[in-house]
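Comments concern the structure below.
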Amino acid sequence: MTEQRTKVVVIGGGYAGVIAANHLRLRAGVDITLVNPRPEFVERIRLHQLITGSDDAVVAYTDILGDGIELVVDAATRIDTEARQVELFNGFPDGRPLPYDYLIYAVGSGSGGPAVPGADEFAYPIADLEEAQRLTSALSEVHYGAPVCVVGAGPTGIETAAELAEQGRNVTLVCGPVLGPYLSTPGRRSVAKRLRKLGVEIVDGPQAMVTAVSADEVTLGDGRRLASTLTIWTAGFGVPDLATRSGLRTDAIGRLLTDETLTSVDDNRIVAAGDAAAPSDQPLRMSCQAAIPLGAQAANTVLARIAGQRPAVISQAFTGQCISLGRGGATVQIARTDDTPLPLYIGGRAAATIKEAVCKGTISFLRREARKPGSYFWLKGGGKRPAPESVTTP
C-alpha cells in the first residue's frame, strides 16, 4: 500500500516561514514546499547595516533550510481555498498552481505606504531588501554633508539614523510625538543621549508629524520645513494583501484573522504566523522575537491537525527590545513577559554586544532547527499586548 503523504505549503521565507518549514520535519510523511519571491533569506534586522556597508543582510537558504524542503522562488498571487491550491506569479512550466493539504501563511510585512503628499515620489522606504538596495544607491550619490531626514522613530528609524550619523552623515530624526514609543523613560533617555553624541538632530513633539515631502525638504504639522537632500521613510508597516485578495478575513491593515491556535477563522486548513497574523484580532508586536516562536507554533498546529489532535493555543513571552545605535553602542530595553517595558535598560558597548549576539542568534535558531527539527524552544506565557505603534505614521 502506498503511503499517503501530506502536502504543506509555507508562503513566505522570512523568520516565521523558515522556522515553520524546518519544524514541520518533526513528522514523517509530510512534503514541505516553501514559496518565497527571493532566492535568498533576508535578515531584515540588518537592513540598516546594508545601507552603510557593514553587512549584506542576506543568508543562503541552503544554510538554514532542512533537507527535503522544496524552495519555490516565486510570488503567491492568490490562495484558492476551495481547490486548496496556491496560484503563482510565474507558475510552473505547465501553468499549474501549487496544491496543498495545509497552508502556513507567513508573508511577513513591508512598508506601510504613507498617505503623505510627495512621500511615494521622494522618500525612500527601507522595509525590504530591494528598498534598502535602492536607498544604498541613492546615498552613494549624496555628499556626506548633505542633510538627510529619517522619518519615524521606532527601532528601524532609530537604528538607521544612528548608523548613518556614525559614518559622518548630517542626520535629522523626525520622531512624531515621541522618540521610541515603546521605550521606557530611562531607555528613551539612553537612546537620545547616544543619538545626540553621534550628532543626530532629534525633532519630536505634537507637531513633529510630516505632512509633505519634496525633493529637498520635509514639511511638519506646524509648518516648519526641514532641509532634506534625501528622505528615508521608516514610519509604519503594512502587510501584503494576499489574504484579502483570496477572500479571507483580515484586520484593518490586512493581517489574517485567526483563533488562538493561529488557525484562520475562515479555513482550518490555513494557519498564520509572524507579522501577518492577528490571533483573536490582537496581533503581537511586529518583530523576529515574535515571528520565530509563532512560526514554530504554527507548524505545531498543522502537525496536530495532521495527527487528528487538538492544537494548542499560542503561548510565548517577550524579554524586551534591542536597538543598535551604530556599531559601537546600543540600548537593550528590558520588558515584562507581556511586552510592556520596564524602567530598566542596558546601554553602551555591553548593549551593542548583546544586540549583535541576538542578531546572530536568530540565524542560529534557524540553522539548528534545520539540522535537528524540534531543537528550537521559546519562552512561554506572558500574554499578548497589541503594539499600535508598529503601524502608526508620524
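Following the order of the C-alpha cells, chains are lettered A, B, ..., residues in each are numbered from 1, and ligands are numbered from 1.
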
- prompt: Which neighbours of A:Gln297 fall inside 12 Å, counting only C-alpha atoms, when residues of the same chain fewer than 5 positions from it are skipped, and could you give them as a PyMOL selection string?
  reply: chain A and resi 16-17+19-24+104+260-263+271-274+290-292+302-304+311-316+374+376-378+380

- prompt: When distances are computed from only C-alpha atoms, which of A:Leu195, A:Val59, A:Ala115, A:Ala278 shows the smallest separation from A:Thr331?
  reply: A:Leu195

List the neighbours of A:Val9 out to 7 Å using only C-alpha atoms; skip same-chain residues closer than 6 positions along the sequence, and give me the result as a PDB file with N, CA and C atoms, in the first residue's frame.
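Output file part-v5.pdb follows:
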ATOM      1  N   ILE A  32       7.022  19.280   2.185  1.00  0.00           N
ATOM      2  CA  ILE A  32       7.038  20.695   2.557  1.00  0.00           C
ATOM      3  C   ILE A  32       7.569  21.521   1.395  1.00  0.00           C
ATOM      4  N   THR A  33       6.805  22.538   1.001  1.00  0.00           N
ATOM      5  CA  THR A  33       7.232  23.473  -0.038  1.00  0.00           C
ATOM      6  C   THR A  33       7.214  24.884   0.535  1.00  0.00           C
ATOM      7  N   LEU A  34       8.312  25.586   0.380  1.00  0.00           N
ATOM      8  CA  LEU A  34       8.421  26.973   0.825  1.00  0.00           C
ATOM      9  C   LEU A  34       8.410  27.874  -0.401  1.00  0.00           C
ATOM     10  N   TYR A 100      -2.084  22.039  -1.976  1.00  0.00           N
ATOM     11  CA  TYR A 100      -1.714  21.844  -0.571  1.00  0.00           C
ATOM     12  C   TYR A 100      -2.831  21.109   0.167  1.00  0.00           C
ATOM     13  N   TYR A 102      -2.420  21.516   3.741  1.00  0.00           N
ATOM     14  CA  TYR A 102      -2.407  22.580   4.749  1.00  0.00           C
ATOM     15  C   TYR A 102      -1.492  23.694   4.252  1.00  0.00           C
ATOM     16  N   LEU A 103      -1.785  24.896   4.682  1.00  0.00           N
ATOM     17  CA  LEU A 103      -1.009  26.050   4.249  1.00  0.00           C
ATOM     18  C   LEU A 103      -0.627  26.900   5.456  1.00  0.00           C
ATOM     19  N   ILE A 104       0.634  27.295   5.527  1.00  0.00           N
ATOM     20  CA  ILE A 104       1.084  28.226   6.567  1.00  0.00           C
ATOM     21  C   ILE A 104       1.321  29.584   5.915  1.00  0.00           C
TER      22      ILE A 104
END

task: Could you give me the residues within stretch 207-243 of chain A that DSSP places in strand (DSSP E or B), as a PyMOL selection string?
output: chain A and resi 210-213+217-220+225-227+230-233+237-238

query: Which polymer residues have any atom within 10 Å of an atom of A:Gln289, counting only C-alpha atoms, with same-chain residues fewer than 3 positions away left out, as a list in words?
result: Tyr15, Ala16, Gly274, Leu284, Arg285, Met286, Ile292, Pro293, Leu294, Gln316, Ala317, Phe318, Thr319, Gly320, Gln321, Val358, Thr362 and Trp378 of chain A

Hey, can you spit out that residue selection with N, CA and C atoms as a PDB file, in the first residue's frame?
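Below you can see result30.pdb, which holds the result:
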ATOM      1  N   TYR A  15      11.590  34.918   8.823  1.00  0.00           N
ATOM      2  CA  TYR A  15      11.880  34.234  10.087  1.00  0.00           C
ATOM      3  C   TYR A  15      10.789  33.217  10.439  1.00  0.00           C
ATOM      4  N   ALA A  16       9.524  33.618  10.332  1.00  0.00           N
ATOM      5  CA  ALA A  16       8.422  32.717  10.698  1.00  0.00           C
ATOM      6  C   ALA A  16       8.311  31.552   9.728  1.00  0.00           C
ATOM      7  N   GLY A 274       3.781  34.979  12.256  1.00  0.00           N
ATOM      8  CA  GLY A 274       4.593  36.163  12.006  1.00  0.00           C
ATOM      9  C   GLY A 274       3.809  37.456  11.938  1.00  0.00           C
ATOM     10  N   LEU A 284       0.627  40.378  17.856  1.00  0.00           N
ATOM     11  CA  LEU A 284       1.808  40.688  18.660  1.00  0.00           C
ATOM     12  C   LEU A 284       2.644  41.742  17.938  1.00  0.00           C
ATOM     13  N   ARG A 285       3.588  42.326  18.661  1.00  0.00           N
ATOM     14  CA  ARG A 285       4.464  43.332  18.053  1.00  0.00           C
ATOM     15  C   ARG A 285       5.218  42.723  16.879  1.00  0.00           C
ATOM     16  N   MET A 286       5.234  43.462  15.765  1.00  0.00           N
ATOM     17  CA  MET A 286       5.960  43.004  14.586  1.00  0.00           C
ATOM     18  C   MET A 286       7.443  42.952  14.907  1.00  0.00           C
ATOM     19  N   ILE A 292       9.521  34.180  15.094  1.00  0.00           N
ATOM     20  CA  ILE A 292      10.117  32.838  15.150  1.00  0.00           C
ATOM     21  C   ILE A 292       9.295  31.900  16.038  1.00  0.00           C
ATOM     22  N   PRO A 293       8.928  32.308  17.266  1.00  0.00           N
ATOM     23  CA  PRO A 293       8.057  31.417  18.054  1.00  0.00           C
ATOM     24  C   PRO A 293       6.706  31.172  17.393  1.00  0.00           C
ATOM     25  N   LEU A 294       6.142  32.197  16.753  1.00  0.00           N
ATOM     26  CA  LEU A 294       4.855  31.997  16.074  1.00  0.00           C
ATOM     27  C   LEU A 294       4.994  31.004  14.927  1.00  0.00           C
ATOM     28  N   GLN A 316       3.695  32.480  24.359  1.00  0.00           N
ATOM     29  CA  GLN A 316       5.062  32.954  24.268  1.00  0.00           C
ATOM     30  C   GLN A 316       5.215  34.240  25.068  1.00  0.00           C
ATOM     31  N   ALA A 317       6.426  34.472  25.505  1.00  0.00           N
ATOM     32  CA  ALA A 317       6.724  35.643  26.323  1.00  0.00           C
ATOM     33  C   ALA A 317       7.794  36.489  25.647  1.00  0.00           C
ATOM     34  N   PHE A 318       7.807  37.765  25.983  1.00  0.00           N
ATOM     35  CA  PHE A 318       8.807  38.684  25.463  1.00  0.00           C
ATOM     36  C   PHE A 318       9.849  38.983  26.538  1.00  0.00           C
ATOM     37  N   THR A 319      10.990  39.461  26.106  1.00  0.00           N
ATOM     38  CA  THR A 319      12.046  39.845  27.043  1.00  0.00           C
ATOM     39  C   THR A 319      12.408  41.316  26.936  1.00  0.00           C
ATOM     40  N   GLY A 320      12.035  41.964  25.843  1.00  0.00           N
ATOM     41  CA  GLY A 320      12.382  43.361  25.659  1.00  0.00           C
ATOM     42  C   GLY A 320      12.713  43.642  24.213  1.00  0.00           C
ATOM     43  N   GLN A 321      13.526  44.653  23.996  1.00  0.00           N
ATOM     44  CA  GLN A 321      13.860  45.063  22.640  1.00  0.00           C
ATOM     45  C   GLN A 321      15.295  45.571  22.597  1.00  0.00           C
ATOM     46  N   VAL A 358      22.191  38.725  19.633  1.00  0.00           N
ATOM     47  CA  VAL A 358      20.795  38.444  19.300  1.00  0.00           C
ATOM     48  C   VAL A 358      20.631  38.269  17.794  1.00  0.00           C
ATOM     49  N   THR A 362      19.412  34.667  16.014  1.00  0.00           N
ATOM     50  CA  THR A 362      18.218  34.359  15.228  1.00  0.00           C
ATOM     51  C   THR A 362      18.546  33.412  14.080  1.00  0.00           C
ATOM     52  N   TRP A 378      11.222  28.262  23.056  1.00  0.00           N
ATOM     53  CA  TRP A 378      10.972  29.679  23.285  1.00  0.00           C
ATOM     54  C   TRP A 378      10.348  29.880  24.662  1.00  0.00           C
TER      55      TRP A 378
END

- prompt: Which residues, written as a PyMOL selection string, have at least one atom at most 10 Å from A:Asp31, with only C-alpha atoms counted and residues fewer than 4 positions away on the same chain left out?
  reply: chain A and resi 5-9+21+24-25+27+68-70+100-101

Writer output for current selection, N, CA, C and O atoms, as a compact mmCIF listing (two decimals), in the first residue's frame:
# COMPACT_ATOMS: atom_id res chain seq x y z
N ARG A 5 0.84 10.79 1.73
CA ARG A 5 1.64 11.88 2.23
C ARG A 5 0.81 13.17 2.32
O ARG A 5 -0.18 13.33 1.60
N THR A 6 1.21 14.05 3.20
CA THR A 6 0.51 15.31 3.40
C THR A 6 1.34 16.44 2.82
O THR A 6 2.53 16.57 3.11
N LYS A 7 0.70 17.26 1.97
CA LYS A 7 1.39 18.38 1.35
C LYS A 7 1.14 19.65 2.17
O LYS A 7 -0.01 20.04 2.38
N VAL A 8 2.22 20.28 2.63
CA VAL A 8 2.12 21.54 3.35
C VAL A 8 2.91 22.60 2.58
O VAL A 8 4.08 22.41 2.28
N VAL A 9 2.24 23.69 2.26
CA VAL A 9 2.88 24.81 1.59
C VAL A 9 3.04 25.95 2.60
O VAL A 9 2.10 26.30 3.31
N ALA A 21 8.79 25.81 8.35
CA ALA A 21 9.13 24.74 7.40
C ALA A 21 10.06 23.72 8.03
O ALA A 21 9.87 22.51 7.89
N LEU A 24 8.24 21.52 10.70
CA LEU A 24 7.31 20.53 10.15
C LEU A 24 7.98 19.18 9.92
O LEU A 24 7.30 18.15 9.84
N ARG A 25 9.29 19.17 9.83
CA ARG A 25 10.02 17.92 9.58
C ARG A 25 10.04 17.00 10.79
O ARG A 25 10.59 15.88 10.72
N ARG A 27 7.57 15.43 11.68
CA ARG A 27 6.69 14.31 11.31
C ARG A 27 7.09 13.76 9.95
O ARG A 27 7.26 14.51 8.99
N GLY A 68 15.12 18.12 2.25
CA GLY A 68 13.79 17.68 1.83
C GLY A 68 12.78 18.80 1.64
O GLY A 68 11.68 18.56 1.12
N ILE A 69 13.11 20.02 2.05
CA ILE A 69 12.19 21.15 1.85
C ILE A 69 12.40 21.70 0.45
O ILE A 69 13.52 22.06 0.07
N GLU A 70 11.33 21.77 -0.32
CA GLU A 70 11.41 22.31 -1.68
C GLU A 70 11.24 23.83 -1.63
O GLU A 70 10.27 24.34 -1.07
N TYR A 100 -2.08 22.04 -1.98
CA TYR A 100 -1.71 21.84 -0.57
C TYR A 100 -2.83 21.11 0.17
O TYR A 100 -4.00 21.16 -0.22
N ASP A 101 -2.45 20.43 1.23
CA ASP A 101 -3.41 19.91 2.20
C ASP A 101 -3.55 20.90 3.36
O ASP A 101 -4.64 21.11 3.89

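From atom CA of A:Gln309 back to atom CA of A:Leu257, the distance works out to 21.8 Å.
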
- request: Calculate how many Å separate atom CA of A:Gly152 from atom CA of A:Leu173, rounding to one decimal.
  value: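 Between these atoms lies a distance of 7.2 Å.
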
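When atom CA of A:Ser246 is paired with atom CA of A:Leu366, their separation reads 29.3 Å.
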
- prompt: Which residue gives the smallest distance to A:Leu98 among A:Ala161, A:Ala75, A:Ile363, A:Ile346, with only C-alpha atoms counted?
  reply: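 Closest residue, counting only C-alpha atoms: A:Ala75.
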